[in-house]
$ cat model-v5.txt   # compact mmCIF, C-alpha atoms and all ligand atoms
# COMPACT_ATOMS: atom_id res chain seq x y z
CA ASN G 1 18.43 19.10 -0.73
CA ARG G 2 19.17 15.53 0.28
CA TYR G 3 17.30 12.78 -1.54
CA VAL G 4 17.42 9.01 -1.92
CA THR G 5 17.98 7.24 -5.21
CA ILE G 6 18.84 3.77 -6.50
CA LYS G 7 22.44 3.24 -7.63
CA SER G 8 21.33 0.92 -10.42
CA HIS G 9 18.29 -1.21 -11.23
CA VAL G 10 17.31 -3.55 -8.40
CA ASP G 11 16.99 -7.26 -8.95
CA GLY G 12 15.44 -9.46 -6.26
CA ALA G 13 14.93 -8.37 -2.66
CA PRO G 14 16.11 -4.79 -2.05
CA GLN G 15 19.20 -4.22 0.13
CA GLU G 16 20.64 -1.10 1.78
CA SER G 17 23.51 -1.21 -0.75
CA ASP G 18 21.04 -0.64 -3.63
CA PHE G 19 20.37 2.92 -2.41
CA GLU G 20 22.32 6.09 -1.88
CA LEU G 21 21.66 9.45 -0.31
CA LYS G 22 22.57 12.31 -2.64
CA ALA G 23 22.55 16.06 -2.18
CA THR G 24 22.11 18.96 -4.58
CA PRO G 25 22.02 22.68 -3.82
CA LEU G 26 18.52 24.17 -3.92
CA ALA G 27 17.67 27.87 -3.78
CA LEU G 28 14.41 28.23 -1.89
CA SER G 29 13.04 31.01 -4.08
CA LEU G 30 11.22 31.16 -7.40
CA ASP G 31 10.27 33.80 -9.92
CA PRO G 32 6.55 34.57 -9.78
CA GLY G 33 4.91 33.22 -12.91
CA SER G 34 7.43 30.41 -13.37
CA ASN G 35 4.53 28.09 -12.39
CA GLU G 36 6.89 26.02 -10.27
CA VAL G 37 6.30 25.18 -6.63
CA ILE G 38 8.92 24.14 -4.07
CA VAL G 39 7.55 21.85 -1.39
CA LYS G 40 9.24 20.95 1.87
CA ASN G 41 8.38 17.28 2.19
CA LEU G 42 6.86 16.32 5.55
CA TYR G 43 5.52 12.75 5.25
CA VAL G 44 6.08 10.39 2.32
CA SER G 45 4.49 7.06 1.54
CA ILE G 46 6.61 3.91 1.30
CA ASP G 47 5.01 1.33 -1.00
CA PRO G 48 5.85 -2.20 -2.12
CA TYR G 49 5.00 -1.58 -5.80
CA GLN G 50 8.00 0.74 -6.10
CA ILE G 51 10.21 -2.34 -6.34
CA ASN G 52 8.59 -3.07 -9.70
CA ARG G 53 9.59 0.40 -10.86
CA MET G 54 13.19 -0.20 -9.74
CA LYS G 55 13.69 -3.31 -11.90
CA SER G 56 15.29 -3.26 -15.30
CA TYR G 57 12.75 -4.49 -17.82
CA SER G 58 13.18 -5.68 -21.34
CA SER G 59 11.17 -3.55 -23.77
CA SER G 60 8.52 -6.27 -24.19
CA GLN G 61 7.86 -6.40 -20.45
CA LYS G 62 7.73 -2.64 -20.15
CA ASN G 63 4.39 -2.43 -21.92
CA SER G 64 2.66 -4.32 -19.13
CA ASP G 65 4.19 -2.15 -16.41
CA PHE G 66 1.64 0.43 -15.31
CA ALA G 67 4.06 2.75 -13.57
CA VAL G 68 7.06 4.42 -15.14
CA GLY G 69 10.49 3.10 -14.23
CA ILE G 70 12.68 4.84 -11.67
CA ILE G 71 15.89 6.08 -13.21
CA PRO G 72 19.05 5.33 -11.19
CA GLY G 73 20.48 8.55 -9.81
CA GLU G 74 17.18 10.41 -9.88
CA ALA G 75 14.93 11.08 -6.88
CA ILE G 76 12.25 8.44 -6.26
CA ASP G 77 8.78 9.91 -6.55
CA THR G 78 5.93 8.90 -4.27
CA TYR G 79 2.73 10.21 -2.76
CA GLY G 80 3.28 12.54 0.17
CA VAL G 81 2.26 15.57 2.17
CA GLY G 82 4.35 18.73 2.40
CA LYS G 83 4.40 22.47 2.88
CA VAL G 84 4.91 25.05 0.14
CA VAL G 85 8.07 27.07 0.81
CA ALA G 86 8.19 28.97 -2.49
CA SER G 87 5.71 29.37 -5.30
CA GLY G 88 5.75 30.87 -8.74
CA ASN G 89 2.31 29.39 -9.33
CA PRO G 90 -0.68 31.61 -8.48
CA GLU G 91 -2.67 28.57 -7.26
CA PHE G 92 -0.29 27.99 -4.33
CA ASP G 93 1.01 30.25 -1.58
CA LYS G 94 3.95 29.90 0.73
CA GLY G 95 2.77 28.01 3.82
CA ASP G 96 0.06 25.96 2.05
CA ILE G 97 -0.14 22.33 3.16
CA VAL G 98 -0.32 20.19 0.02
CA ALA G 99 -0.54 16.54 -1.02
CA GLY G 100 0.68 15.03 -4.25
CA LEU G 101 3.58 13.47 -6.03
CA LEU G 102 6.62 14.31 -3.89
CA ASN G 103 9.85 12.38 -3.53
CA TRP G 104 12.04 10.49 -1.10
CA GLY G 105 13.88 13.69 -0.31
CA GLU G 106 13.80 16.87 1.72
CA TYR G 107 12.27 19.07 -0.99
CA THR G 108 10.36 18.55 -4.23
CA VAL G 109 10.32 21.04 -7.06
CA ILE G 110 7.01 20.61 -8.86
CA LYS G 111 6.91 21.88 -12.39
CA ALA G 112 3.65 20.55 -13.79
CA SER G 113 0.31 21.67 -12.45
CA GLY G 114 -2.09 18.85 -11.57
CA MET G 115 0.58 16.99 -9.55
CA LEU G 116 -0.31 18.82 -6.35
CA ASN G 117 -3.45 19.65 -4.37
CA LYS G 118 -4.07 21.79 -1.33
CA LEU G 119 -4.83 19.52 1.58
CA ASN G 120 -7.68 19.97 4.00
CA HIS G 121 -6.40 17.91 6.92
CA MET G 122 -9.81 18.04 8.68
CA GLY G 123 -8.15 17.98 12.06
CA PHE G 124 -6.38 14.65 11.50
CA PRO G 125 -2.60 14.21 11.75
CA LEU G 126 -0.93 14.94 8.42
CA SER G 127 0.52 11.42 8.33
CA TYR G 128 -3.02 9.97 8.06
CA HIS G 129 -3.34 11.64 4.66
CA VAL G 130 -0.44 9.56 3.36
CA GLY G 131 -1.99 6.26 4.51
CA ILE G 132 -5.40 5.62 5.99
CA LEU G 133 -6.92 8.77 4.41
CA GLY G 134 -4.78 8.49 1.29
CA PHE G 135 -4.15 5.80 -1.31
CA SER G 136 -3.81 2.86 1.11
CA GLY G 137 -7.23 3.67 2.48
CA LEU G 138 -8.78 4.12 -0.95
CA THR G 139 -7.22 0.82 -2.09
CA ALA G 140 -8.78 -1.03 0.83
CA TYR G 141 -12.14 0.70 0.53
CA ALA G 142 -12.59 0.50 -3.25
CA GLY G 143 -10.99 -2.94 -3.44
CA PHE G 144 -13.30 -4.36 -0.83
CA PHE G 145 -16.59 -2.62 -1.62
CA GLU G 146 -16.31 -2.12 -5.39
CA VAL G 147 -14.29 -5.13 -6.47
CA CYS G 148 -15.33 -7.75 -3.88
CA LYS G 149 -18.93 -6.48 -3.69
CA PRO G 150 -19.49 -8.15 -0.30
CA LYS G 151 -22.71 -9.37 1.29
CA LYS G 152 -23.26 -9.33 5.05
CA GLY G 153 -22.11 -12.60 6.55
CA ASP G 154 -19.60 -13.35 3.76
CA LYS G 155 -16.53 -15.20 4.95
CA VAL G 156 -13.54 -13.02 4.08
CA PHE G 157 -9.84 -13.86 4.09
CA VAL G 158 -7.13 -11.15 3.91
CA SER G 159 -3.39 -11.74 3.40
CA ALA G 160 -0.70 -9.31 4.63
CA ALA G 161 -3.49 -8.44 7.05
CA SER G 162 -1.40 -6.33 9.42
CA GLY G 163 -0.10 -4.23 6.53
CA SER G 164 -1.32 -0.86 5.41
CA VAL G 165 -4.04 -2.02 3.01
CA GLY G 166 -4.77 -5.38 4.67
CA ASN G 167 -5.57 -4.09 8.15
CA LEU G 168 -8.10 -1.65 6.71
CA VAL G 169 -9.75 -4.26 4.51
CA GLY G 170 -10.26 -6.35 7.64
CA GLN G 171 -11.63 -3.43 9.61
CA PHE G 172 -14.00 -2.34 6.81
CA ALA G 173 -15.17 -5.94 6.36
CA LYS G 174 -15.88 -6.36 10.08
CA LEU G 175 -17.85 -3.09 10.23
CA PHE G 176 -19.85 -4.24 7.21
CA GLY G 177 -20.82 -7.47 8.94
CA CYS G 178 -18.53 -10.10 7.44
CA TYR G 179 -16.62 -12.91 9.16
CA VAL G 180 -12.95 -11.98 8.77
CA VAL G 181 -9.74 -13.97 9.12
CA GLY G 182 -6.32 -12.51 8.36
CA CYS G 183 -2.83 -13.91 8.03
CA ALA G 184 0.43 -12.20 8.87
CA GLY G 185 4.05 -13.16 9.47
CA SER G 186 4.51 -12.97 13.26
CA LYS G 187 2.82 -13.80 16.60
CA GLU G 188 2.81 -10.12 17.52
CA LYS G 189 0.93 -9.22 14.33
CA VAL G 190 -1.59 -12.04 14.83
CA ALA G 191 -2.31 -10.84 18.38
CA LEU G 192 -2.79 -7.29 17.12
CA LEU G 193 -5.30 -8.41 14.47
CA LYS G 194 -7.39 -10.35 16.96
CA GLU G 195 -7.09 -8.16 20.04
CA LYS G 196 -6.90 -4.62 18.71
CA LEU G 197 -8.37 -4.62 15.21
CA GLY G 198 -11.34 -6.92 15.80
CA PHE G 199 -10.56 -9.68 13.29
CA ASP G 200 -12.56 -12.83 14.10
CA ASP G 201 -9.40 -14.89 13.79
CA ALA G 202 -5.85 -14.70 12.46
CA PHE G 203 -2.84 -16.95 11.96
CA ASN G 204 0.90 -16.74 11.31
CA TYR G 205 1.40 -18.21 7.84
CA ARG G 206 5.10 -18.72 8.50
CA GLU G 207 4.28 -21.34 11.13
CA GLU G 208 2.07 -23.37 8.76
CA THR G 209 3.38 -26.15 6.57
CA ASP G 210 0.28 -26.96 4.55
CA LEU G 211 -1.65 -23.78 3.71
CA LYS G 212 -4.58 -25.67 2.15
CA SER G 213 -5.35 -27.51 5.37
CA THR G 214 -4.65 -24.41 7.45
CA LEU G 215 -7.33 -22.53 5.53
CA LYS G 216 -9.70 -25.49 5.87
CA ARG G 217 -9.25 -25.21 9.65
CA TYR G 218 -10.08 -21.50 9.70
CA PHE G 219 -12.84 -21.74 7.09
CA PRO G 220 -14.57 -25.11 7.54
CA ASN G 221 -17.43 -23.78 5.37
CA GLY G 222 -15.20 -22.23 2.72
CA ILE G 223 -14.10 -18.72 1.75
CA ASP G 224 -16.43 -16.31 -0.07
CA ILE G 225 -14.02 -13.40 -0.59
CA TYR G 226 -10.23 -13.32 -0.74
CA PHE G 227 -8.45 -9.96 -0.67
CA ASP G 228 -5.08 -10.95 -2.09
CA ASN G 229 -2.06 -8.84 -1.23
CA VAL G 230 0.58 -11.53 -1.70
CA GLY G 231 -0.08 -13.94 -4.62
CA GLY G 232 2.06 -17.11 -4.62
CA GLU G 233 1.20 -20.26 -2.67
CA MET G 234 -1.38 -18.49 -0.56
CA GLN G 235 -3.46 -17.65 -3.61
CA GLU G 236 -3.28 -21.29 -4.74
CA ALA G 237 -4.40 -22.54 -1.30
CA VAL G 238 -7.27 -20.03 -1.17
CA ILE G 239 -8.66 -21.08 -4.57
CA ASP G 240 -8.68 -24.65 -3.24
CA ASN G 241 -10.81 -23.48 -0.29
CA MET G 242 -13.11 -21.11 -2.11
CA ASN G 243 -16.88 -21.44 -2.23
CA ILE G 244 -19.00 -21.44 -5.38
CA ASN G 245 -19.21 -17.89 -6.82
CA GLY G 246 -16.26 -16.86 -4.66
CA LYS G 247 -14.46 -13.63 -5.46
CA VAL G 248 -10.74 -12.85 -5.42
CA ALA G 249 -9.63 -9.22 -5.53
CA VAL G 250 -5.99 -9.24 -6.59
CA CYS G 251 -4.67 -6.09 -5.00
CA GLY G 252 -1.00 -7.04 -5.14
CA VAL G 253 1.32 -10.03 -5.29
CA ILE G 254 4.21 -9.00 -3.05
CA SER G 255 5.63 -12.54 -2.75
CA GLU G 256 6.26 -12.40 -6.51
CA TYR G 257 7.82 -8.89 -6.66
CA THR G 258 11.25 -9.98 -5.50
CA ASP G 259 11.30 -13.33 -7.28
CA ASN G 260 10.90 -13.05 -11.05
CA GLU G 261 10.41 -16.80 -11.43
CA LYS G 262 7.54 -17.03 -8.97
CA ARG G 263 3.94 -17.19 -10.22
CA ALA G 264 0.75 -18.21 -8.43
CA ALA G 265 -0.61 -21.25 -10.25
CA PRO G 266 -4.06 -21.95 -8.81
CA ARG G 267 -5.93 -25.02 -10.09
CA MET G 268 -7.87 -23.38 -12.89
CA ILE G 269 -10.42 -26.18 -13.01
CA ASP G 270 -11.49 -25.06 -9.52
CA VAL G 271 -11.99 -21.57 -10.94
CA VAL G 272 -14.23 -23.04 -13.63
CA TYR G 273 -16.33 -25.40 -11.50
CA LYS G 274 -16.70 -22.92 -8.66
CA ARG G 275 -17.33 -19.96 -11.05
CA ILE G 276 -14.73 -17.95 -9.15
CA LYS G 277 -14.23 -14.33 -10.21
CA ILE G 278 -10.62 -13.16 -10.02
CA GLN G 279 -10.17 -9.46 -10.59
CA GLY G 280 -7.08 -7.30 -10.44
CA PHE G 281 -7.56 -3.60 -9.80
CA LEU G 282 -5.72 -0.33 -9.29
CA ALA G 283 -6.79 2.20 -6.68
CA GLY G 284 -6.25 4.95 -9.24
CA ASP G 285 -9.27 3.65 -11.17
CA TYR G 286 -11.52 4.58 -8.23
CA LEU G 287 -10.82 8.28 -7.80
CA ASN G 288 -14.55 8.91 -8.23
CA ASN G 289 -15.05 7.00 -4.99
CA PHE G 290 -12.53 9.15 -3.10
CA ALA G 291 -15.03 11.61 -1.59
CA ASP G 292 -17.29 8.82 -0.37
CA PHE G 293 -14.29 6.88 0.99
CA LEU G 294 -12.93 9.94 2.76
CA SER G 295 -16.15 10.97 4.51
CA THR G 296 -16.92 7.37 5.59
CA THR G 297 -13.40 6.77 6.89
CA CYS G 298 -13.21 10.12 8.68
CA ASP G 299 -16.52 9.32 10.43
CA HIS G 300 -15.22 5.90 11.50
CA LEU G 301 -12.01 7.47 12.80
CA ARG G 302 -13.93 10.11 14.77
CA THR G 303 -16.22 7.53 16.35
CA GLY G 304 -13.32 5.15 17.02
CA LYS G 305 -14.82 2.39 14.86
CA ILE G 306 -11.61 2.18 12.84
CA GLN G 307 -8.14 2.14 14.35
CA PRO G 308 -5.31 3.83 12.46
CA LEU G 309 -2.19 1.70 12.19
CA GLU G 310 0.99 3.55 11.28
CA ASP G 311 4.67 2.67 11.25
CA ILE G 312 6.68 5.86 10.93
CA SER G 313 10.44 6.14 10.39
CA ASP G 314 12.32 9.37 10.95
CA GLY G 315 14.39 11.30 8.44
CA VAL G 316 15.07 11.06 4.72
CA GLU G 317 18.05 8.78 5.37
CA SER G 318 15.66 6.15 6.81
CA ALA G 319 13.77 5.74 3.49
CA PRO G 320 15.86 2.77 2.21
CA SER G 321 15.49 0.76 5.43
CA ALA G 322 11.79 1.68 5.61
CA PHE G 323 11.31 0.35 2.09
CA ILE G 324 13.36 -2.80 2.68
CA SER G 325 11.33 -3.53 5.83
CA LEU G 326 8.21 -4.10 3.70
CA PHE G 327 9.80 -7.11 2.02
CA ARG G 328 11.02 -8.53 5.34
CA GLY G 329 7.64 -8.18 7.02
CA GLN G 330 9.07 -5.77 9.58
CA ASN G 331 6.41 -3.07 9.23
CA ILE G 332 3.17 -3.06 11.17
CA GLY G 333 0.61 -0.91 9.39
CA LYS G 334 1.25 1.91 6.96
CA LYS G 335 4.95 2.50 6.41
CA ILE G 336 5.65 6.22 6.25
CA VAL G 337 8.81 8.31 6.44
CA LYS G 338 8.56 11.52 8.38
CA ILE G 339 10.97 13.82 6.61
CA ALA G 340 10.50 16.98 8.65
CA GLU G 341 8.40 18.83 11.20
CA GLU G 342 5.76 21.14 9.79
P1 LIG A 401 2.09 -3.68 3.58
O1 LIG A 401 1.97 -2.62 4.61
O2 LIG A 401 1.09 -4.79 3.59
O3 LIG A 401 3.56 -4.25 3.66
C1 LIG A 401 3.93 -5.41 2.99
C2 LIG A 401 3.67 -6.66 3.84
O4 LIG A 401 3.62 -7.77 2.97
C3 LIG A 401 4.77 -6.97 4.84
O5 LIG A 401 4.60 -6.31 6.04
C4 LIG A 401 4.66 -8.49 4.98
O6 LIG A 401 3.78 -8.79 6.06
C5 LIG A 401 4.02 -8.93 3.67
N1 LIG A 401 5.01 -9.65 2.85
C6 LIG A 401 6.23 -9.22 2.47
N2 LIG A 401 6.85 -10.16 1.73
C7 LIG A 401 6.01 -11.21 1.66
C8 LIG A 401 6.06 -12.51 1.05
N3 LIG A 401 7.14 -12.88 0.34
N4 LIG A 401 5.01 -13.34 1.20
C9 LIG A 401 3.92 -12.97 1.91
N5 LIG A 401 3.80 -11.76 2.50
C10 LIG A 401 4.83 -10.90 2.38
O7 LIG A 401 2.05 -3.01 2.14
P2 LIG A 401 0.80 -2.30 1.46
O8 LIG A 401 -0.39 -2.44 2.33
O9 LIG A 401 1.20 -0.97 1.00
O10 LIG A 401 0.57 -3.20 0.16
C11 LIG A 401 -0.03 -4.49 0.26
C12 LIG A 401 -0.23 -5.04 -1.14
O11 LIG A 401 -1.15 -4.20 -1.84
C13 LIG A 401 1.03 -5.07 -1.97
O12 LIG A 401 1.03 -6.22 -2.78
C14 LIG A 401 0.92 -3.81 -2.81
O13 LIG A 401 1.67 -3.88 -3.99
C15 LIG A 401 -0.57 -3.78 -3.07
N6 LIG A 401 -1.13 -2.46 -3.38
C16 LIG A 401 -1.92 -2.39 -4.49
C17 LIG A 401 -2.53 -1.22 -4.83
C18 LIG A 401 -3.44 -1.20 -5.99
O14 LIG A 401 -3.86 -0.11 -6.41
N7 LIG A 401 -3.78 -2.36 -6.55
C19 LIG A 401 -2.31 0.02 -4.04
C20 LIG A 401 -1.51 -0.19 -2.84
C21 LIG A 401 -0.93 -1.40 -2.55
P3 LIG A 401 3.65 -10.27 6.72
O15 LIG A 401 4.04 -10.12 8.12
O16 LIG A 401 2.21 -10.60 6.53
O17 LIG A 401 4.59 -11.17 5.94

$ encode --input "model-v5.txt" --output "structure tokens"
Amino acid sequence: NRYVTIKSHVDGAPQESDFELKATPLALSLDPGSNEVIVKNLYVSIDPYQINRMKSYSSSQKNSDFAVGIIPGEAIDTYGVGKVVASGNPEFDKGDIVAGLLNWGEYTVIKASGMLNKLNHMGFPLSYHVGILGFSGLTAYAGFFEVCKPKKGDKVFVSAASGSVGNLVGQFAKLFGCYVVGCAGSKEKVALLKEKLGFDDAFNYREETDLKSTLKRYFPNGIDIYFDNVGGEMQEAVIDNMNINGKVAVCGVISEYTDNEKRAAPRMIDVVYKRIKIQGFLAGDYLNNFADFLSTTCDHLRTGKIQPLEDISDGVESAPSAFISLFRGQNIGKKIVKIAEE
């Protein structure tokens, strides 16, 4: 069983040398009644927040960290889809397709019940259930509809807009009847947003020197909703351009994950005078919305109203470079590693 781990805690931007591929022998059989399940991993999710789990924290910081730290040497857990190859648990049979907490490896041995569910793929590719029909999709859906609480015609700005969550926020917002502008880090991504995903406009933030005036150009009448995936200077520039009663959903702050000194410092007096609501959220708080999200998104996929955007790497050994690519802006859409064929 080959799996990827970190050699030691990661500080700053992740590099290939931070990771190693390890192997341990694994017998693909279990005693009935042991309650364990062995899953052959098929597709696993690659997510930016994992970098925060790879850092070494002082004990005071640890309390504010929502996810448990990754221990160097141990397999890195993540959401994924796989196939049961052995089961000592009466709830699962060999051959079942399942989704749950798997790892960056070829197999996952699952000991606790509740970490795994049988997956009804509903005729969609299994990879969709790791991204657009999984947590990325729920993040975009709940973050936009429940946290931003949009009105038709709202002017919406999305950062990291060609990424897994961002592209879906833009697509949901367009379908709902908002005016949507996204930013991303390359010409190719900007073209994709405008030409394939239906964004009203998009720009390459790397080509802009003064983000406040850039946003003024794209939103001459101000921004009503900001779906923030990046934090940093962009958040500061957005607050400057926000309308009265504007809303900021802070989904993530990727520009701050690899730079411990960096903090968005928006002008708080703007927040006061404009009565701006800034709300952080976690997709996991919206599991009650999952059924609604899933049926809506499946309908949109079937009717072609939403385009899936996936970026799939092959093989367990590609997990480190897949992960690193997120911080270099090299992914387009949901980053997934395909570990094996079904
Ligand atoms: P993405 O697919 O969006 O990949 C990350 C993207 O972020 C890159 O492609 C890059 O695109 C952009 N980026 C990387 N570094 C920087 C930087 N320094 N400054 C600005 N942009 C940068 O990842 P996800 O869609 O999975 O995640 C997007 C955000 O949502 C992250 O912050 C993540 O932590 C958060 N998240 C939060 C969840 C929640 O429950 N709150 C759940 C899932 C994700 P570009 O070309 O635009 O630079």

$ closest_residue --input "model-v5.txt" --among "G:Leu215, G:Ala237, G:Ile110, G:Leu282" --to "ligand LIG 401 (chain A)" --atoms "only C-alpha atoms and all ligand atoms"
G:Leu282

$ atom_distance --input "model-v5.txt" --atom1 "atom CA of G:Asn204" --atom2 "atom CA of G:Cys251"
20.3 Å

$ atom_distance --input "model-v5.txt" --atom1 "atom CA of G:Val68" --atom2 "atom O13 of ligand LIG 401 (chain A)"
14.9 Å

$ atom_distance --input "model-v5.txt" --atom1 "atom CA of G:Ala340" --atom2 "atom CA of G:Gly82"
8.9 Å

$ residues_around --input "model-v5.txt" --residues "stretch 223-235 of chain G" --least-positions-apart "6" --cutoff "8 Å" --atoms "only C-alpha atoms" --output "NGL selection string"
:G and (143-144 or 148 or 150 or 154-160 or 166 or 169 or 211 or 241-256 or 262-266)

$ write_last_selection --input "model-v5.txt" --atoms "C-alpha atoms" --output "tab-separated table (two decimals), in the frame of the given file"
chain	number	residue	atom	x	y	z
G	143	GLY	CA	-10.99	-2.94	-3.44
G	144	PHE	CA	-13.30	-4.36	-0.83
G	148	CYS	CA	-15.33	-7.75	-3.88
G	150	PRO	CA	-19.49	-8.15	-0.30
G	154	ASP	CA	-19.60	-13.35	3.76
G	155	LYS	CA	-16.53	-15.20	4.95
G	156	VAL	CA	-13.54	-13.02	4.08
G	157	PHE	CA	-9.84	-13.86	4.09
G	158	VAL	CA	-7.13	-11.15	3.91
G	159	SER	CA	-3.39	-11.74	3.40
G	160	ALA	CA	-0.70	-9.31	4.63
G	166	GLY	CA	-4.77	-5.38	4.67
G	169	VAL	CA	-9.75	-4.26	4.51
G	211	LEU	CA	-1.65	-23.78	3.71
G	241	ASN	CA	-10.81	-23.48	-0.29
G	242	MET	CA	-13.11	-21.11	-2.11
G	243	ASN	CA	-16.88	-21.44	-2.23
G	244	ILE	CA	-19.00	-21.44	-5.38
G	245	ASN	CA	-19.21	-17.89	-6.82
G	246	GLY	CA	-16.26	-16.86	-4.66
G	247	LYS	CA	-14.46	-13.63	-5.46
G	248	VAL	CA	-10.74	-12.85	-5.42
G	249	ALA	CA	-9.63	-9.22	-5.53
G	250	VAL	CA	-5.99	-9.24	-6.59
G	251	CYS	CA	-4.67	-6.09	-5.00
G	252	GLY	CA	-1.00	-7.04	-5.14
G	253	VAL	CA	1.32	-10.03	-5.29
G	254	ILE	CA	4.21	-9.00	-3.05
G	255	SER	CA	5.63	-12.54	-2.75
G	256	GLU	CA	6.26	-12.40	-6.51
G	262	LYS	CA	7.54	-17.03	-8.97
G	263	ARG	CA	3.94	-17.19	-10.22
G	264	ALA	CA	0.75	-18.21	-8.43
G	265	ALA	CA	-0.61	-21.25	-10.25
G	266	PRO	CA	-4.06	-21.95	-8.81

$ residues_around --input "model-v5.txt" --residues "G:Met54" --least-positions-apart "5" --cutoff "8 Å" --atoms "only C-alpha atoms" --output "NGL selection string"
:G and (6 or 9-10 or 69-71)

$ axis_aligned_box --input "model-v5.txt" --around "stretch 125-135 of chain G" --padding-each-side "3 Å" --output "lines of an AutoDock Vina configuration file"
center_x = -3.2
center_y = 10.3
center_z = 5.2
size_x = 13.4
size_y = 15.3
size_z = 19.1

$ closest_residue --input "model-v5.txt" --among "G:Gly304, G:Gly163, G:Gly182, G:Gly73" --to "ligand LIG 401 (chain A)" --atoms "all atoms listed in the file"
G:Gly163

$ closest_residue --input "model-v5.txt" --among "G:Thr296, G:Gln330, G:Thr108, G:Ser29" --to "ligand LIG 401 (chain A)" --atoms "all atoms listed in the file"
G:Gln330

$ residues_around --input "model-v5.txt" --residues "G:Leu193" --least-positions-apart "2" --cutoff "9 Å" --atoms "all atoms listed in the file" --output "PyMOL selection string"
chain G and resi 161-162+167+170+181-184+188-191+195-202

$ write_last_selection --input "model-v5.txt" --atoms "C-alpha atoms" --output "compact mmCIF listing (two decimals), keeping the file's coordinate frame"
# COMPACT_ATOMS: atom_id res chain seq x y z
CA ALA G 161 -3.49 -8.44 7.05
CA SER G 162 -1.40 -6.33 9.42
CA ASN G 167 -5.57 -4.09 8.15
CA GLY G 170 -10.26 -6.35 7.64
CA VAL G 181 -9.74 -13.97 9.12
CA GLY G 182 -6.32 -12.51 8.36
CA CYS G 183 -2.83 -13.91 8.03
CA ALA G 184 0.43 -12.20 8.87
CA GLU G 188 2.81 -10.12 17.52
CA LYS G 189 0.93 -9.22 14.33
CA VAL G 190 -1.59 -12.04 14.83
CA ALA G 191 -2.31 -10.84 18.38
CA GLU G 195 -7.09 -8.16 20.04
CA LYS G 196 -6.90 -4.62 18.71
CA LEU G 197 -8.37 -4.62 15.21
CA GLY G 198 -11.34 -6.92 15.80
CA PHE G 199 -10.56 -9.68 13.29
CA ASP G 200 -12.56 -12.83 14.10
CA ASP G 201 -9.40 -14.89 13.79
CA ALA G 202 -5.85 -14.70 12.46

$ closest_residue --input "model-v5.txt" --among "G:Met122, G:Ala13, G:Cys178, G:Leu301" --to "ligand LIG 401 (chain A)" --atoms "all atoms listed in the file"
G:Ala13

$ closest_residue --input "model-v5.txt" --among "G:Glu317, G:Asp292, G:Asp31, G:Asp47" --to "ligand LIG 401 (chain A)" --atoms "all atoms listed in the file"
G:Asp47

$ residues_around --input "model-v5.txt" --residues "stretch 91-94 of chain G" --least-positions-apart "6" --cutoff "10 Å" --atoms "all atoms listed in the file" --output "mmCIF file with C-alpha atoms, in the frame of the given file"
data_model
loop_
_atom_site.group_PDB
_atom_site.id
_atom_site.type_symbol
_atom_site.label_atom_id
_atom_site.label_comp_id
_atom_site.auth_asym_id
_atom_site.auth_seq_id
_atom_site.Cartn_x
_atom_site.Cartn_y
_atom_site.Cartn_z
ATOM 1 C CA ASN G 35 4.530 28.090 -12.390
ATOM 2 C CA GLU G 36 6.890 26.020 -10.270
ATOM 3 C CA VAL G 37 6.300 25.180 -6.630
ATOM 4 C CA ILE G 38 8.920 24.140 -4.070
ATOM 5 C CA VAL G 39 7.550 21.850 -1.390
ATOM 6 C CA LYS G 83 4.400 22.470 2.880
ATOM 7 C CA VAL G 84 4.910 25.050 0.140
ATOM 8 C CA VAL G 85 8.070 27.070 0.810
ATOM 9 C CA SER G 113 0.310 21.670 -12.450
ATOM 10 C CA LEU G 116 -0.310 18.820 -6.350
ATOM 11 C CA ASN G 117 -3.450 19.650 -4.370
ATOM 12 C CA LYS G 118 -4.070 21.790 -1.330
#

$ residues_around --input "model-v5.txt" --residues "G:Leu126" --least-positions-apart "4" --cutoff "10 Å" --atoms "all atoms listed in the file" --output "JSON, numbers by chain"
{"G": [42, 43, 80, 81, 82, 97, 98, 99, 119, 120, 121, 122, 130, 131, 133, 342]}
